[in-house]
Amino acid sequence: MKFATFVHEGTERAGVCIKGSYFLLRDLLGEEMSLLDFIRAHENAPLPEFNETISHKKIAPVETDSILAPIPLPPRNVICLGKNYEDHAKEVKETIQATQNEALIPTSPIFFTKSACPAPGDGATIPLHAHFTQKVDYEAELAIIIGKTTYRATRKDAKSAIFGYTILNDITARDIQTRHAQWFFGKSLDGFCPMGPHIVTRDEIGFPPALKISCRVNGEPRQSSCTSNLIFDIPEIIATLSQGITLLPGDIIATGTPAGIGHAMKPPQYLQNGDKVECEIEKIGILTNHFAV
């Protein structure tokens, strides 16, 4: 099942996408609620059979003015994984500041967070902040949406903690990242966390997910891999985090990016005014954004 947040008749609404058509949660459930509210309300309950409801109540699809991030205002910072694909870890070692003592391949997950308030959606234009940075980069990532309160999970518990998955572009200002010698600031500028276009529920995707992931800039292939290549897989990520942090419904975890970032190209290729970036993940869709000064 695919869930989305979109603008309908000038108002932000949450709904379900079925065979390319959008249906309002309000019409399906009889009450207005955001997608975050829906995830929280179904923490310990099965998802409704929407196809039956649509047929029984003869509910009509609605037109959408624009597609927003599935959760436009994440309740907490997005939790991110650094250097979680081996090929990316190698290119980072070669191009981004690293100490001689730093392991080429991480031996434990590297966690950080980024602000995403609000998170842009599919089709949104992302500001380049040209007054402040000249080295804006892309990072296509599979993002996990947590579906239930989870503490001290085992690897076997991980699947049940997940509501679904979406696409996230972990946009990064590389010069700010280097200047401040940490990752939060350069990854948290306004607009730097587009997500979408949908959340696909966990039952639609095998576990752990083995999905093709790619990124294109103005149609040029830049990144291409599979989520099965994660160094630390999703069961490990959830089990590790939850040993000391209670994960809550609606929390978002970005699982890392494969090789092919613009910063590692020779010469480096940073995003420019008018560029179009497409992040694609099998079974989820394509997240498309344009960039402008």
# chains A, B, ... in the order shown; residues from 1 in each chain; ligands from 1

$ select_by_dssp --residues "range 32-145 of chain A" --states "helix (DSSP H, G or I)" --output "PyMOL selection string"
chain A and resi 35-41+50-57+86-95

$ residues_around --residues "range 22-31 of chain A" --least-positions-apart "6" --cutoff "9 Å" --atoms "only C-alpha atoms" --output "list of chain:residue names"
A:Phe3, A:Ala4, A:Arg13, A:Ala14, A:Gly15, A:Val16, A:Phe38, A:Pro48, A:Phe50, A:Thr53, A:Ile54, A:Lys57, A:Ile59, A:Ala60, A:Pro61, A:Val62, A:Glu63, A:Thr64

$ residues_around --residues "range 75-81 of chain A" --least-positions-apart "3" --cutoff "8 Å" --atoms "only C-alpha atoms" --output "ChimeraX atom specification"
/A:84,109-116,250-256

$ write_last_selection --atoms "all heavy atoms" --output "compact mmCIF listing (two decimals), in the first residue's frame"
# COMPACT_ATOMS: atom_id res chain seq x y z
N ASN A 84 27.62 3.97 4.88
CA ASN A 84 27.00 2.65 5.08
C ASN A 84 26.96 1.79 3.82
O ASN A 84 26.31 0.76 3.79
CB ASN A 84 25.59 2.81 5.66
CG ASN A 84 25.11 1.56 6.35
OD1 ASN A 84 25.90 0.74 6.83
ND2 ASN A 84 23.80 1.36 6.39
N PRO A 109 28.03 1.11 13.24
CA PRO A 109 27.26 2.12 12.51
C PRO A 109 27.62 3.54 12.95
O PRO A 109 27.82 3.80 14.13
CB PRO A 109 25.81 1.79 12.87
CG PRO A 109 25.83 0.36 13.29
CD PRO A 109 27.16 0.14 13.94
N ILE A 110 27.71 4.42 11.97
CA ILE A 110 27.97 5.84 12.24
C ILE A 110 26.63 6.57 12.15
O ILE A 110 26.03 6.65 11.08
CB ILE A 110 28.96 6.43 11.23
CG1 ILE A 110 30.30 5.70 11.31
CG2 ILE A 110 29.16 7.92 11.48
CD1 ILE A 110 31.28 6.10 10.22
N PHE A 111 26.17 7.10 13.27
CA PHE A 111 24.88 7.80 13.31
C PHE A 111 25.08 9.30 13.44
O PHE A 111 25.99 9.77 14.13
CB PHE A 111 24.05 7.31 14.50
CG PHE A 111 23.64 5.87 14.44
CD1 PHE A 111 24.17 4.94 15.32
CD2 PHE A 111 22.72 5.43 13.49
CE1 PHE A 111 23.79 3.61 15.27
CE2 PHE A 111 22.34 4.10 13.43
CZ PHE A 111 22.88 3.18 14.33
N PHE A 112 24.22 10.06 12.78
CA PHE A 112 24.13 11.50 12.98
C PHE A 112 22.68 11.88 12.66
O PHE A 112 21.89 11.03 12.24
CB PHE A 112 25.12 12.26 12.09
CG PHE A 112 24.90 12.08 10.61
CD1 PHE A 112 24.15 12.99 9.88
CD2 PHE A 112 25.44 10.99 9.94
CE1 PHE A 112 23.94 12.84 8.51
CE2 PHE A 112 25.25 10.81 8.57
CZ PHE A 112 24.50 11.74 7.86
N THR A 113 22.32 13.12 12.89
CA THR A 113 20.96 13.55 12.55
C THR A 113 21.02 14.77 11.64
O THR A 113 22.03 15.46 11.55
CB THR A 113 20.11 13.89 13.78
OG1 THR A 113 20.57 15.12 14.37
CG2 THR A 113 20.15 12.77 14.80
N LYS A 114 19.90 15.01 10.97
CA LYS A 114 19.77 16.23 10.17
C LYS A 114 18.37 16.79 10.38
O LYS A 114 17.40 16.05 10.59
CB LYS A 114 20.05 15.97 8.70
CG LYS A 114 19.05 15.14 7.93
CD LYS A 114 19.50 14.96 6.48
CE LYS A 114 19.40 16.23 5.68
NZ LYS A 114 20.06 16.19 4.38
N SER A 115 18.29 18.09 10.34
CA SER A 115 17.01 18.76 10.49
C SER A 115 16.22 18.66 9.19
O SER A 115 16.79 18.75 8.11
CB SER A 115 17.24 20.23 10.86
OG SER A 115 16.03 20.94 10.91
N ALA A 116 14.93 18.48 9.32
CA ALA A 116 14.06 18.39 8.14
C ALA A 116 12.71 19.00 8.48
O ALA A 116 11.70 18.30 8.53
CB ALA A 116 13.90 16.95 7.70
N GLY A 250 6.58 7.27 13.36
CA GLY A 250 6.84 8.48 12.58
C GLY A 250 8.29 8.87 12.53
O GLY A 250 8.67 9.74 11.74
N ASP A 251 9.15 8.25 13.36
CA ASP A 251 10.58 8.51 13.26
C ASP A 251 11.07 8.05 11.89
O ASP A 251 10.58 7.08 11.31
CB ASP A 251 11.36 7.76 14.34
CG ASP A 251 11.32 8.47 15.69
OD1 ASP A 251 10.92 9.65 15.74
OD2 ASP A 251 11.72 7.84 16.69
N ILE A 252 12.07 8.76 11.37
CA ILE A 252 12.62 8.49 10.04
C ILE A 252 14.10 8.18 10.16
O ILE A 252 14.84 8.91 10.82
CB ILE A 252 12.39 9.69 9.10
CG1 ILE A 252 10.89 10.01 8.99
CG2 ILE A 252 13.00 9.42 7.73
CD1 ILE A 252 10.59 11.35 8.37
N ILE A 253 14.53 7.10 9.54
CA ILE A 253 15.94 6.70 9.54
C ILE A 253 16.41 6.60 8.09
O ILE A 253 15.88 5.80 7.31
CB ILE A 253 16.16 5.35 10.24
CG1 ILE A 253 15.61 5.39 11.68
CG2 ILE A 253 17.64 4.99 10.26
CD1 ILE A 253 15.61 4.03 12.36
N ALA A 254 17.40 7.41 7.71
CA ALA A 254 18.01 7.36 6.38
C ALA A 254 19.19 6.40 6.44
O ALA A 254 20.08 6.56 7.27
CB ALA A 254 18.45 8.74 5.93
N THR A 255 19.20 5.41 5.56
CA THR A 255 20.10 4.27 5.73
C THR A 255 21.47 4.42 5.08
O THR A 255 22.31 3.53 5.19
CB THR A 255 19.44 3.00 5.18
OG1 THR A 255 19.10 3.20 3.79
CG2 THR A 255 18.18 2.65 5.96
N GLY A 256 21.74 5.55 4.44
CA GLY A 256 23.05 5.77 3.82
C GLY A 256 22.96 5.80 2.31
O GLY A 256 21.96 5.42 1.71

$ atom_distance --atom1 "CA of Ser21 in chain A" --atom2 "CA of Pro70 in chain A"
15.8 Å

$ atom_distance --atom1 "CA of Cys17 in chain A" --atom2 "CA of Ile144 in chain A"
18.7 Å

$ select_by_dssp --residues "range 2-218 of chain A" --states "strand (DSSP E or B)" --output "PyMOL selection string"
chain A and resi 2-8+11-18+21-24+62+66-68+78-82+85+110-114+125-127+136-137+140-146+150+162-169+172-173+195-201+212-217

$ closest_residue --among "A:Leu241, A:Ile167, A:Ile286, A:Cys117" --to "Leu142 in chain A" --atoms "only C-alpha atoms"
A:Ile167

$ residues_around --residues "Pro120 in chain A" --least-positions-apart "3" --cutoff "6 Å" --atoms "only C-alpha atoms" --output "VMD selection string"
chain A and resid 69 124 194

$ write_last_selection --atoms "N, CA, C and O atoms" --output "PDB file, in the first residue's frame"
ATOM      1  N   ALA A  69       6.116  16.051   0.959  1.00  0.00           N
ATOM      2  CA  ALA A  69       6.786  14.950   1.655  1.00  0.00           C
ATOM      3  C   ALA A  69       5.722  14.163   2.414  1.00  0.00           C
ATOM      4  O   ALA A  69       4.760  14.747   2.929  1.00  0.00           O
ATOM      5  N   ALA A 124       9.383  19.627  -5.604  1.00  0.00           N
ATOM      6  CA  ALA A 124       9.728  20.894  -4.957  1.00  0.00           C
ATOM      7  C   ALA A 124      11.071  21.415  -5.469  1.00  0.00           C
ATOM      8  O   ALA A 124      11.952  20.647  -5.860  1.00  0.00           O
ATOM      9  N   PRO A 194      14.588  16.594   1.045  1.00  0.00           N
ATOM     10  CA  PRO A 194      13.371  16.192   0.330  1.00  0.00           C
ATOM     11  C   PRO A 194      13.102  14.705   0.505  1.00  0.00           C
ATOM     12  O   PRO A 194      14.036  13.892   0.574  1.00  0.00           O
TER      13      PRO A 194
END

$ residues_around --residues "Val92 in chain A" --least-positions-apart "5" --cutoff "12 Å" --atoms "only C-alpha atoms" --output "VMD selection string"
chain A and resid 82 to 87 97 to 99 102 to 106 174 178 257 to 265

$ residues_around --residues "Ile281 in chain A" --least-positions-apart "5" --cutoff "9 Å" --atoms "only C-alpha atoms" --output "MDAnalysis selection string"
chainID A and resid 140:142 166:167 211:215 226 286:287

$ closest_residue --among "A:Ala158, A:Gly186, A:Pro197, A:Glu139" --to "Asp170 in chain A" --atoms "only C-alpha atoms"
A:Glu139

$ closest_residue --among "A:Pro209, A:Pro235, A:Gly121, A:Pro221" --to "Asp157 in chain A" --atoms "only C-alpha atoms"
A:Pro235
